[in-house]
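**Student:** Data: data.csv, CSV, N, CA and C atoms.
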```
chain,number,residue,atom,x,y,z
A,1,MET,N,110.6,97.5,88.8
A,1,MET,CA,109.4,97.1,89.6
A,1,MET,C,108.3,98.2,89.2
A,2,ASN,N,107.1,97.7,89.0
A,2,ASN,CA,106.0,98.5,88.7
A,2,ASN,C,105.4,99.3,89.9
A,3,PRO,N,104.7,100.4,89.6
A,3,PRO,CA,104.2,101.3,90.7
A,3,PRO,C,103.3,100.5,91.7
A,4,GLU,N,102.5,99.5,91.3
A,4,GLU,CA,101.7,98.8,92.2
A,4,GLU,C,102.5,98.0,93.2
A,5,GLN,N,103.6,97.3,92.7
A,5,GLN,CA,104.5,96.5,93.5
A,5,GLN,C,105.2,97.4,94.5
A,6,LEU,N,105.6,98.6,94.1
A,6,LEU,CA,106.3,99.6,95.0
A,6,LEU,C,105.3,100.0,96.1
A,7,PHE,N,104.0,100.2,95.7
A,7,PHE,CA,103.0,100.6,96.7
A,7,PHE,C,102.9,99.5,97.7
A,8,LYS,N,102.7,98.3,97.3
A,8,LYS,CA,102.6,97.2,98.2
A,8,LYS,C,103.8,97.0,99.1
A,9,THR,N,104.9,97.2,98.6
A,9,THR,CA,106.2,97.2,99.4
A,9,THR,C,106.1,98.3,100.5
A,10,LYS,N,105.7,99.5,100.1
A,10,LYS,CA,105.7,100.6,101.0
A,10,LYS,C,104.7,100.3,102.2
A,11,ILE,N,103.6,99.7,101.8
A,11,ILE,CA,102.5,99.4,102.8
A,11,ILE,C,103.1,98.5,103.9
A,12,VAL,N,103.7,97.4,103.4
A,12,VAL,CA,104.3,96.4,104.4
A,12,VAL,C,105.4,97.0,105.2
A,13,GLN,N,106.2,97.8,104.5
A,13,GLN,CA,107.3,98.5,105.2
A,13,GLN,C,106.7,99.4,106.3
A,14,LEU,N,105.7,100.1,106.1
A,14,LEU,CA,105.0,101.0,107.1
A,14,LEU,C,104.6,100.1,108.3
A,15,ILE,N,104.0,99.0,108.0
A,15,ILE,CA,103.5,98.2,109.1
A,15,ILE,C,104.6,97.6,110.0
A,16,VAL,N,105.6,97.1,109.3
A,16,VAL,CA,106.8,96.5,110.1
A,16,VAL,C,107.6,97.6,110.8
A,17,SER,N,107.5,98.8,110.3
A,17,SER,CA,108.2,100.0,110.9
A,17,SER,C,107.3,100.6,112.0
A,18,LYS,N,106.3,99.9,112.5
A,18,LYS,CA,105.5,100.3,113.6
A,18,LYS,C,104.6,101.6,113.3
A,19,LYS,N,104.2,101.6,112.0
A,19,LYS,CA,103.3,102.7,111.6
A,19,LYS,C,102.1,102.1,110.9
A,20,PRO,N,101.3,101.2,111.5
A,20,PRO,CA,100.2,100.6,110.9
A,20,PRO,C,99.1,101.6,110.5
A,21,GLU,N,98.9,102.6,111.4
A,21,GLU,CA,97.9,103.6,111.1
A,21,GLU,C,98.2,104.3,109.7
A,22,ASP,N,99.5,104.6,109.5
A,22,ASP,CA,99.9,105.3,108.2
A,22,ASP,C,99.6,104.3,107.1
A,23,ALA,N,99.8,103.1,107.3
A,23,ALA,CA,99.6,102.1,106.2
A,23,ALA,C,98.1,102.0,105.9
A,24,LEU,N,97.3,102.0,106.9
A,24,LEU,CA,95.8,101.9,106.7
A,24,LEU,C,95.3,103.2,106.0
A,25,GLU,N,95.9,104.3,106.4
A,25,GLU,CA,95.5,105.6,105.7
A,25,GLU,C,95.9,105.5,104.2
A,26,ALA,N,97.1,105.1,103.9
A,26,ALA,CA,97.5,105.0,102.5
A,26,ALA,C,96.7,104.0,101.7
A,27,LEU,N,96.4,102.8,102.3
A,27,LEU,CA,95.5,101.8,101.7
A,27,LEU,C,94.2,102.4,101.4
A,28,SER,N,93.6,103.1,102.4
A,28,SER,CA,92.3,103.6,102.2
A,28,SER,C,92.2,104.7,101.1
A,29,HIS,N,93.2,105.5,101.1
A,29,HIS,CA,93.3,106.5,100.0
A,29,HIS,C,93.4,105.8,98.6
A,30,TYR,N,94.3,104.8,98.6
A,30,TYR,CA,94.5,104.1,97.3
A,30,TYR,C,93.2,103.4,96.8
A,31,TYR,N,92.5,102.8,97.7
A,31,TYR,CA,91.2,102.1,97.3
A,31,TYR,C,90.0,103.0,97.4
A,32,LYS,N,90.2,104.2,97.8
A,32,LYS,CA,89.1,105.2,97.9
A,32,LYS,C,88.0,104.8,98.9
A,33,VAL,N,88.4,104.4,100.1
A,33,VAL,CA,87.4,104.0,101.1
A,33,VAL,C,87.8,104.8,102.4
A,34,LYS,N,86.9,104.8,103.3
A,34,LYS,CA,87.1,105.4,104.6
A,34,LYS,C,88.2,104.6,105.4
A,35,THR,N,89.1,105.3,106.1
A,35,THR,CA,90.1,104.7,106.9
A,35,THR,C,89.5,104.0,108.1
A,36,PRO,N,89.7,102.7,108.3
A,36,PRO,CA,89.2,102.0,109.5
A,36,PRO,C,89.9,102.4,110.7
A,37,GLU,N,89.2,102.3,111.9
A,37,GLU,CA,89.9,102.5,113.1
A,37,GLU,C,90.8,101.3,113.4
A,38,LEU,N,91.7,101.4,114.3
A,38,LEU,CA,92.6,100.3,114.6
A,38,LEU,C,92.7,100.3,116.2
A,39,LYS,N,92.4,99.2,116.8
A,39,LYS,CA,92.5,99.0,118.2
A,39,LYS,C,93.2,97.8,118.6
A,40,VAL,N,93.9,97.8,119.7
A,40,VAL,CA,94.5,96.7,120.3
A,40,VAL,C,93.6,96.2,121.4
A,41,GLY,N,93.3,94.8,121.4
A,41,GLY,CA,92.3,94.2,122.3
A,41,GLY,C,91.2,93.7,121.5
A,42,MET,N,90.8,92.5,121.7
A,42,MET,CA,89.7,91.9,120.9
A,42,MET,C,88.4,92.0,121.5
A,43,PRO,N,87.3,92.2,120.7
A,43,PRO,CA,86.0,92.2,121.2
A,43,PRO,C,85.6,90.8,121.8
A,44,LYS,N,84.7,90.8,122.7
A,44,LYS,CA,84.3,89.6,123.5
A,44,LYS,C,84.2,88.3,122.7
A,45,ARG,N,83.5,88.3,121.6
A,45,ARG,CA,83.2,87.1,120.8
A,45,ARG,C,84.4,86.6,120.0
A,46,HIS,N,85.5,87.4,120.0
A,46,HIS,CA,86.6,87.1,119.1
A,46,HIS,C,87.9,87.0,119.8
A,47,ARG,N,87.9,86.8,121.1
A,47,ARG,CA,89.1,86.8,122.0
A,47,ARG,C,90.1,85.7,121.6
A,48,LYS,N,89.7,84.7,120.9
A,48,LYS,CA,90.7,83.6,120.5
A,48,LYS,C,91.4,84.0,119.2
A,49,ASN,N,91.0,85.0,118.5
A,49,ASN,CA,91.6,85.3,117.2
A,49,ASN,C,92.7,86.3,117.4
A,50,VAL,N,93.6,86.4,116.5
A,50,VAL,CA,94.7,87.4,116.5
A,50,VAL,C,94.3,88.7,115.9
A,51,GLY,N,93.2,88.7,115.2
A,51,GLY,CA,92.7,89.9,114.6
A,51,GLY,C,91.2,89.7,114.1
A,52,CYS,N,90.5,90.8,114.0
A,52,CYS,CA,89.2,90.7,113.4
A,52,CYS,C,88.8,92.1,112.9
A,53,TYR,N,87.8,92.1,112.0
A,53,TYR,CA,87.2,93.4,111.5
A,53,TYR,C,85.7,93.4,111.9
A,54,VAL,N,85.3,94.5,112.5
A,54,VAL,CA,83.9,94.7,112.9
A,54,VAL,C,83.3,95.8,112.0
A,55,SER,N,82.5,95.4,111.1
A,55,SER,CA,81.9,96.4,110.1
A,55,SER,C,81.0,97.4,110.8
A,56,LYS,N,80.3,97.0,111.8
A,56,LYS,CA,79.4,97.9,112.5
A,56,LYS,C,80.1,99.3,112.9
A,57,ASN,N,81.3,99.2,113.4
A,57,ASN,CA,82.0,100.4,113.8
A,57,ASN,C,83.3,100.6,112.9
A,58,GLU,N,83.4,99.9,111.8
A,58,GLU,CA,84.5,100.0,110.9
A,58,GLU,C,85.9,100.0,111.6
A,59,THR,N,86.1,99.0,112.4
A,59,THR,CA,87.3,98.9,113.2
A,59,THR,C,88.0,97.6,113.0
A,60,ILE,N,89.3,97.7,112.9
A,60,ILE,CA,90.2,96.5,112.9
A,60,ILE,C,90.7,96.3,114.3
A,61,TYR,N,90.5,95.1,114.9
A,61,TYR,CA,91.0,94.8,116.2
A,61,TYR,C,92.2,93.8,116.1
A,62,VAL,N,93.2,94.0,116.9
A,62,VAL,CA,94.3,93.1,116.9
A,62,VAL,C,94.5,92.7,118.4
A,63,SER,N,94.9,91.4,118.6
A,63,SER,CA,95.0,90.9,120.0
A,63,SER,C,96.1,91.5,120.8
A,64,ASP,N,97.2,91.9,120.2
A,64,ASP,CA,98.3,92.5,121.0
A,64,ASP,C,99.2,93.3,120.2
A,65,LEU,N,100.3,93.9,120.8
A,65,LEU,CA,101.2,94.7,120.1
A,65,LEU,C,101.9,94.0,119.0
A,66,ASP,N,102.3,92.7,119.2
A,66,ASP,CA,102.9,92.0,118.1
A,66,ASP,C,102.1,91.9,116.9
A,67,ASN,N,100.8,91.7,117.0
A,67,ASN,CA,100.0,91.6,115.8
A,67,ASN,C,99.6,93.0,115.2
A,68,LEU,N,99.8,94.0,116.0
A,68,LEU,CA,99.6,95.4,115.5
A,68,LEU,C,100.6,95.7,114.4
A,69,TYR,N,101.8,95.1,114.5
A,69,TYR,CA,102.9,95.3,113.5
A,69,TYR,C,103.1,94.1,112.6
A,70,ASN,N,102.1,93.2,112.6
A,70,ASN,CA,102.1,92.0,111.7
A,70,ASN,C,101.4,92.3,110.4
A,71,PRO,N,102.2,92.4,109.3
A,71,PRO,CA,101.5,92.8,108.0
A,71,PRO,C,100.4,91.9,107.6
A,72,TYR,N,100.6,90.6,107.9
A,72,TYR,CA,99.6,89.6,107.4
A,72,TYR,C,98.2,90.0,108.2
A,73,VAL,N,98.3,90.2,109.4
A,73,VAL,CA,97.1,90.4,110.2
A,73,VAL,C,96.4,91.7,109.8
A,74,ILE,N,97.2,92.8,109.7
A,74,ILE,CA,96.6,94.1,109.3
A,74,ILE,C,96.0,94.1,107.9
A,75,LEU,N,96.8,93.5,106.9
A,75,LEU,CA,96.3,93.4,105.6
A,75,LEU,C,95.1,92.5,105.4
A,76,HIS,N,95.1,91.4,106.1
A,76,HIS,CA,94.0,90.5,106.0
A,76,HIS,C,92.7,91.1,106.5
A,77,GLU,N,92.8,91.8,107.6
A,77,GLU,CA,91.6,92.5,108.2
A,77,GLU,C,91.2,93.7,107.4
A,78,PHE,N,92.2,94.4,106.8
A,78,PHE,CA,91.9,95.5,105.9
A,78,PHE,C,91.0,95.0,104.7
A,79,TYR,N,91.4,93.8,104.2
A,79,TYR,CA,90.6,93.3,103.1
A,79,TYR,C,89.1,93.1,103.5
A,80,HIS,N,88.8,92.7,104.7
A,80,HIS,CA,87.4,92.6,105.1
A,80,HIS,C,86.8,94.0,105.1
A,81,HIS,N,87.5,95.0,105.5
A,81,HIS,CA,87.0,96.4,105.5
A,81,HIS,C,86.8,96.8,104.0
A,82,LEU,N,87.7,96.5,103.2
A,82,LEU,CA,87.6,96.9,101.8
A,82,LEU,C,86.4,96.2,101.1
A,83,ARG,N,86.1,95.0,101.4
A,83,ARG,CA,85.0,94.3,100.8
A,83,ARG,C,83.6,94.9,101.2
A,84,ILE,N,83.6,95.5,102.3
A,84,ILE,CA,82.3,96.2,102.7
A,84,ILE,C,82.0,97.4,101.8
A,85,HIS,N,83.1,98.1,101.4
A,85,HIS,CA,83.0,99.3,100.6
A,85,HIS,C,83.1,99.1,99.1
A,86,ASP,N,83.6,98.0,98.7
A,86,ASP,CA,84.0,97.8,97.3
A,86,ASP,C,83.4,96.4,96.9
A,87,MET,N,82.4,96.3,96.2
A,87,MET,CA,81.7,95.1,95.8
A,87,MET,C,82.6,94.2,94.9
A,88,LYS,N,83.7,94.7,94.3
A,88,LYS,CA,84.5,93.9,93.5
A,88,LYS,C,85.3,92.9,94.3
A,89,HIS,N,85.5,93.2,95.6
A,89,HIS,CA,86.2,92.3,96.4
A,89,HIS,C,85.3,91.3,97.1
A,90,LYS,N,85.6,90.0,97.0
A,90,LYS,CA,84.8,89.0,97.6
A,90,LYS,C,85.2,88.8,99.1
A,91,GLY,N,84.3,88.4,99.9
A,91,GLY,CA,84.6,88.5,101.4
A,91,GLY,C,85.1,87.2,102.0
A,92,THR,N,85.5,86.2,101.3
A,92,THR,CA,85.9,85.0,101.9
A,92,THR,C,87.3,85.1,102.5
A,93,GLU,N,87.6,84.2,103.5
A,93,GLU,CA,88.9,84.2,104.1
A,93,GLU,C,90.0,83.9,103.1
A,94,LYS,N,89.7,83.1,102.1
A,94,LYS,CA,90.7,82.7,101.1
A,94,LYS,C,91.1,84.0,100.4
A,95,HIS,N,90.2,84.8,100.0
A,95,HIS,CA,90.5,86.1,99.3
A,95,HIS,C,91.3,87.0,100.2
A,96,ALA,N,90.9,87.1,101.5
A,96,ALA,CA,91.6,88.0,102.4
A,96,ALA,C,93.0,87.5,102.6
A,97,GLU,N,93.2,86.2,102.7
A,97,GLU,CA,94.5,85.6,102.8
A,97,GLU,C,95.4,85.9,101.5
A,98,ARG,N,94.8,85.7,100.4
A,98,ARG,CA,95.5,86.0,99.1
A,98,ARG,C,95.9,87.5,99.0
A,99,PHE,N,95.0,88.4,99.4
A,99,PHE,CA,95.3,89.8,99.4
A,99,PHE,C,96.5,90.1,100.3
A,100,ALA,N,96.5,89.6,101.5
A,100,ALA,CA,97.6,89.9,102.4
A,100,ALA,C,98.9,89.3,101.9
A,101,LYS,N,98.9,88.1,101.4
A,101,LYS,CA,100.1,87.4,100.9
A,101,LYS,C,100.7,88.1,99.7
A,102,ASP,N,99.8,88.7,98.9
A,102,ASP,CA,100.3,89.4,97.7
A,102,ASP,C,101.1,90.6,98.1
A,103,TYR,N,100.7,91.3,99.1
A,103,TYR,CA,101.5,92.5,99.6
A,103,TYR,C,102.8,92.1,100.2
A,104,ILE,N,102.7,91.0,101.0
A,104,ILE,CA,103.9,90.5,101.7
A,104,ILE,C,104.9,90.0,100.7
A,105,GLU,N,104.5,89.3,99.6
A,105,GLU,CA,105.3,88.8,98.6
A,105,GLU,C,106.0,89.9,97.8
A,106,ALA,N,105.3,91.0,97.5
A,106,ALA,CA,105.9,92.2,96.9
A,106,ALA,C,107.1,92.7,97.7
A,107,TYR,N,106.8,92.8,99.0
A,107,TYR,CA,107.8,93.3,100.0
A,107,TYR,C,109.0,92.4,100.0
A,108,ARG,N,108.8,91.1,100.1
A,108,ARG,CA,109.8,90.1,100.1
A,108,ARG,C,110.7,90.2,98.9
A,109,ILE,N,110.1,90.3,97.7
A,109,ILE,CA,110.9,90.4,96.5
A,109,ILE,C,111.7,91.6,96.4
A,110,THR,N,111.2,92.7,96.9
A,110,THR,CA,111.9,94.0,96.9
A,110,THR,C,113.0,94.0,97.8
A,111,SER,N,112.8,93.4,99.0
A,111,SER,CA,113.9,93.4,100.0
A,111,SER,C,115.0,92.4,99.7
A,112,THR,N,114.8,91.5,98.8
A,112,THR,CA,115.9,90.6,98.4
A,112,THR,C,116.6,91.0,97.2
A,113,GLN,N,116.2,92.0,96.5
A,113,GLN,CA,116.8,92.5,95.3
A,113,GLN,C,118.1,93.4,95.7
A,114,PRO,N,119.1,93.3,94.9
A,114,PRO,CA,120.3,94.0,95.2
A,114,PRO,C,120.1,95.5,95.1
```
Once you've parsed the file, please lay out its structure as structure tokens.
**Tutor:**
Amino acid sequence: MNPEQLFKTKIVQLIVSKKPEDALEALSHYYKVKTPELKVGMPKRHRKNVGCYVSKNETIYVSDLDNLYNPYVILHEFYHHLRIHDMKHKGTEKHAERFAKDYIEAYRITSTQP
């Protein structure tokens, strides 16, 4: 497995091991961006969502503790943070979804190997 795949696996492993802050710190270091804040509880206009990113205060919000440890939610919202700092990343939901799924797939492949 190549180093990038191993990194992606490590990130997902940190999130599911209840260390999402460590995962965000590692992601931020890897992509050379400021580490976003992470808070449980949604801002008023986003209460129906499971997660959101607010660029004004560079914060990822998740609705509850289950979503705090959900790799898809954390990685999806980190992508929105990343696109603010890195113009190479496009800001659509489709791209954020692909970004999150790519990390989860690397983890899945690694965890099923003997």
**Student:** Using all atoms listed in the file - which residues lie no farther than 8 Å from the point (91.4, 87.9, 101.2) in the file's frame? Write them as a PDB file with N, CA and C atoms, in the frame of the given file.
**Tutor:**
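Contents of selection-v8.pdb, as written:
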```pdb
ATOM      1  N   LEU A  75      96.800  93.500 106.900  1.00  0.00           N
ATOM      2  CA  LEU A  75      96.300  93.400 105.600  1.00  0.00           C
ATOM      3  C   LEU A  75      95.100  92.500 105.400  1.00  0.00           C
ATOM      4  N   HIS A  76      95.100  91.400 106.100  1.00  0.00           N
ATOM      5  CA  HIS A  76      94.000  90.500 106.000  1.00  0.00           C
ATOM      6  C   HIS A  76      92.700  91.100 106.500  1.00  0.00           C
ATOM      7  N   GLU A  77      92.800  91.800 107.600  1.00  0.00           N
ATOM      8  CA  GLU A  77      91.600  92.500 108.200  1.00  0.00           C
ATOM      9  C   GLU A  77      91.200  93.700 107.400  1.00  0.00           C
ATOM     10  N   PHE A  78      92.200  94.400 106.800  1.00  0.00           N
ATOM     11  CA  PHE A  78      91.900  95.500 105.900  1.00  0.00           C
ATOM     12  C   PHE A  78      91.000  95.000 104.700  1.00  0.00           C
ATOM     13  N   TYR A  79      91.400  93.800 104.200  1.00  0.00           N
ATOM     14  CA  TYR A  79      90.600  93.300 103.100  1.00  0.00           C
ATOM     15  C   TYR A  79      89.100  93.100 103.500  1.00  0.00           C
ATOM     16  N   HIS A  80      88.800  92.700 104.700  1.00  0.00           N
ATOM     17  CA  HIS A  80      87.400  92.600 105.100  1.00  0.00           C
ATOM     18  C   HIS A  80      86.800  94.000 105.100  1.00  0.00           C
ATOM     19  N   LYS A  90      85.600  90.000  97.000  1.00  0.00           N
ATOM     20  CA  LYS A  90      84.800  89.000  97.600  1.00  0.00           C
ATOM     21  C   LYS A  90      85.200  88.800  99.100  1.00  0.00           C
ATOM     22  N   GLY A  91      84.300  88.400  99.900  1.00  0.00           N
ATOM     23  CA  GLY A  91      84.600  88.500 101.400  1.00  0.00           C
ATOM     24  C   GLY A  91      85.100  87.200 102.000  1.00  0.00           C
ATOM     25  N   THR A  92      85.500  86.200 101.300  1.00  0.00           N
ATOM     26  CA  THR A  92      85.900  85.000 101.900  1.00  0.00           C
ATOM     27  C   THR A  92      87.300  85.100 102.500  1.00  0.00           C
ATOM     28  N   GLU A  93      87.600  84.200 103.500  1.00  0.00           N
ATOM     29  CA  GLU A  93      88.900  84.200 104.100  1.00  0.00           C
ATOM     30  C   GLU A  93      90.000  83.900 103.100  1.00  0.00           C
ATOM     31  N   LYS A  94      89.700  83.100 102.100  1.00  0.00           N
ATOM     32  CA  LYS A  94      90.700  82.700 101.100  1.00  0.00           C
ATOM     33  C   LYS A  94      91.100  84.000 100.400  1.00  0.00           C
ATOM     34  N   HIS A  95      90.200  84.800 100.000  1.00  0.00           N
ATOM     35  CA  HIS A  95      90.500  86.100  99.300  1.00  0.00           C
ATOM     36  C   HIS A  95      91.300  87.000 100.200  1.00  0.00           C
ATOM     37  N   ALA A  96      90.900  87.100 101.500  1.00  0.00           N
ATOM     38  CA  ALA A  96      91.600  88.000 102.400  1.00  0.00           C
ATOM     39  C   ALA A  96      93.000  87.500 102.600  1.00  0.00           C
ATOM     40  N   GLU A  97      93.200  86.200 102.700  1.00  0.00           N
ATOM     41  CA  GLU A  97      94.500  85.600 102.800  1.00  0.00           C
ATOM     42  C   GLU A  97      95.400  85.900 101.500  1.00  0.00           C
ATOM     43  N   ARG A  98      94.800  85.700 100.400  1.00  0.00           N
ATOM     44  CA  ARG A  98      95.500  86.000  99.100  1.00  0.00           C
ATOM     45  C   ARG A  98      95.900  87.500  99.000  1.00  0.00           C
ATOM     46  N   PHE A  99      95.000  88.400  99.400  1.00  0.00           N
ATOM     47  CA  PHE A  99      95.300  89.800  99.400  1.00  0.00           C
ATOM     48  C   PHE A  99      96.500  90.100 100.300  1.00  0.00           C
ATOM     49  N   ALA A 100      96.500  89.600 101.500  1.00  0.00           N
ATOM     50  CA  ALA A 100      97.600  89.900 102.400  1.00  0.00           C
ATOM     51  C   ALA A 100      98.900  89.300 101.900  1.00  0.00           C
ATOM     52  N   LYS A 101      98.900  88.100 101.400  1.00  0.00           N
ATOM     53  CA  LYS A 101     100.100  87.400 100.900  1.00  0.00           C
ATOM     54  C   LYS A 101     100.700  88.100  99.700  1.00  0.00           C
TER      55      LYS A 101
END
```
**Student:** Which of these residues is nearest to A:Pro3, using only C-alpha atoms: A:Ala106, A:Asp66, A:His29, A:Ile74?
**Tutor:**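 The closest residue to A:Pro3 is A:Ala106.
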**Student:** Pick the closest to A:Ser17 from A:Met42, A:Pro71, A:Val54, A:Tyr30: which is it, counting only C-alpha atoms?
**Tutor:** A:Pro71
**Student:** List every residue of stretch 27-109 of chain A that DSSP, applied to the backbone of this structure, places in alpha helix (DSSP H), and write the result as a PyMOL selection string.
**Tutor:** chain A and resi 27-31+65-68+71-85+93-109
**Student:** Considering all atoms listed in the file, can you say which of A:Val16, A:Met1, A:Leu6, A:Ile109 comes closest to A:Asn70?
**Tutor:**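 Answer, going by the shortest atom-to-atom distance: A:Val16.
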**Student:** Name the residues of chain A that fall into strand (DSSP E or B) according to DSSP on the backbone, using the chain letters and numbers of this document, as a PyMOL selection string.
**Tutor:** chain A and resi 37-40+51-54+59-62
**Student:** Give me, as a PyMOL selection string, all polymer residues having an atom no more than 6.5 Å from A:Val50, counting all atoms listed in the file and skipping those fewer than 4 positions away in the same chain.
**Tutor:** chain A and resi 61-64+67
**Student:** Name the residues in contact with A:Asp102 at a cut-off of 8 Å, using only N, CA and C atoms, excluding same-chain residues fewer than 6 positions from it; report them as a ChimeraX atom specification.
**Tutor:** /A:8-9,96,108
**Student:** If you measure from atom CA of A:His46 to atom CA of A:Tyr107, what distance in Å do you get, rounded to one decimal?
**Tutor:**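 Spanning atom CA of A:His46 to atom CA of A:Tyr107 is a straight-line distance of 29.2 Å.
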**Student:** Which is closer to A:Phe7 than all the others in A:Leu68, A:Ser111, A:Asp22, A:Tyr103, using only N, CA and C atoms?
**Tutor:** A:Tyr103
**Student:** What lies within 7 Å of A:Ile60 using all atoms listed in the file, ignoring chain neighbours under 5 positions off, as number ranges by chain?
**Tutor:** A: 36-40, 51-54, 77-78
**Student:** Convert the current residue selection to file output with N, CA and C atoms, as an mmCIF file, in the coordinates of the input.
**Tutor:**
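Contents of part_30.cif, as written:
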```cif
data_model
loop_
_atom_site.group_PDB
_atom_site.id
_atom_site.type_symbol
_atom_site.label_atom_id
_atom_site.label_comp_id
_atom_site.auth_asym_id
_atom_site.auth_seq_id
_atom_site.Cartn_x
_atom_site.Cartn_y
_atom_site.Cartn_z
ATOM 1 N N PRO A 36 89.700 102.700 108.300
ATOM 2 C CA PRO A 36 89.200 102.000 109.500
ATOM 3 C C PRO A 36 89.900 102.400 110.700
ATOM 4 N N GLU A 37 89.200 102.300 111.900
ATOM 5 C CA GLU A 37 89.900 102.500 113.100
ATOM 6 C C GLU A 37 90.800 101.300 113.400
ATOM 7 N N LEU A 38 91.700 101.400 114.300
ATOM 8 C CA LEU A 38 92.600 100.300 114.600
ATOM 9 C C LEU A 38 92.700 100.300 116.200
ATOM 10 N N LYS A 39 92.400 99.200 116.800
ATOM 11 C CA LYS A 39 92.500 99.000 118.200
ATOM 12 C C LYS A 39 93.200 97.800 118.600
ATOM 13 N N VAL A 40 93.900 97.800 119.700
ATOM 14 C CA VAL A 40 94.500 96.700 120.300
ATOM 15 C C VAL A 40 93.600 96.200 121.400
ATOM 16 N N GLY A 51 93.200 88.700 115.200
ATOM 17 C CA GLY A 51 92.700 89.900 114.600
ATOM 18 C C GLY A 51 91.200 89.700 114.100
ATOM 19 N N CYS A 52 90.500 90.800 114.000
ATOM 20 C CA CYS A 52 89.200 90.700 113.400
ATOM 21 C C CYS A 52 88.800 92.100 112.900
ATOM 22 N N TYR A 53 87.800 92.100 112.000
ATOM 23 C CA TYR A 53 87.200 93.400 111.500
ATOM 24 C C TYR A 53 85.700 93.400 111.900
ATOM 25 N N VAL A 54 85.300 94.500 112.500
ATOM 26 C CA VAL A 54 83.900 94.700 112.900
ATOM 27 C C VAL A 54 83.300 95.800 112.000
ATOM 28 N N GLU A 77 92.800 91.800 107.600
ATOM 29 C CA GLU A 77 91.600 92.500 108.200
ATOM 30 C C GLU A 77 91.200 93.700 107.400
ATOM 31 N N PHE A 78 92.200 94.400 106.800
ATOM 32 C CA PHE A 78 91.900 95.500 105.900
ATOM 33 C C PHE A 78 91.000 95.000 104.700
#
```
**Student:** In Å, rounded to a single decimal, give me how far atom CA of A:Tyr69 is from atom C of A:Ile15.
**Tutor:**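 For atom C of A:Ile15 relative to atom CA of A:Tyr69, the distance reads 4.5 Å.
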**Student:** When you draw a straight line from atom C of A:Lys48 to atom CA of A:His81, how long is it in Å?
**Tutor:**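 Separation between atom C of A:Lys48 and atom CA of A:His81: 19.0 Å.
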**Student:** Rank A:Ile104, A:Leu82, A:Lys18, A:Leu24 by their smallest atom-to-atom distance to A:Gln5, using only C-alpha atoms, and report the top residue only.
**Tutor:**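 Closest residue, counting only C-alpha atoms: A:Ile104.
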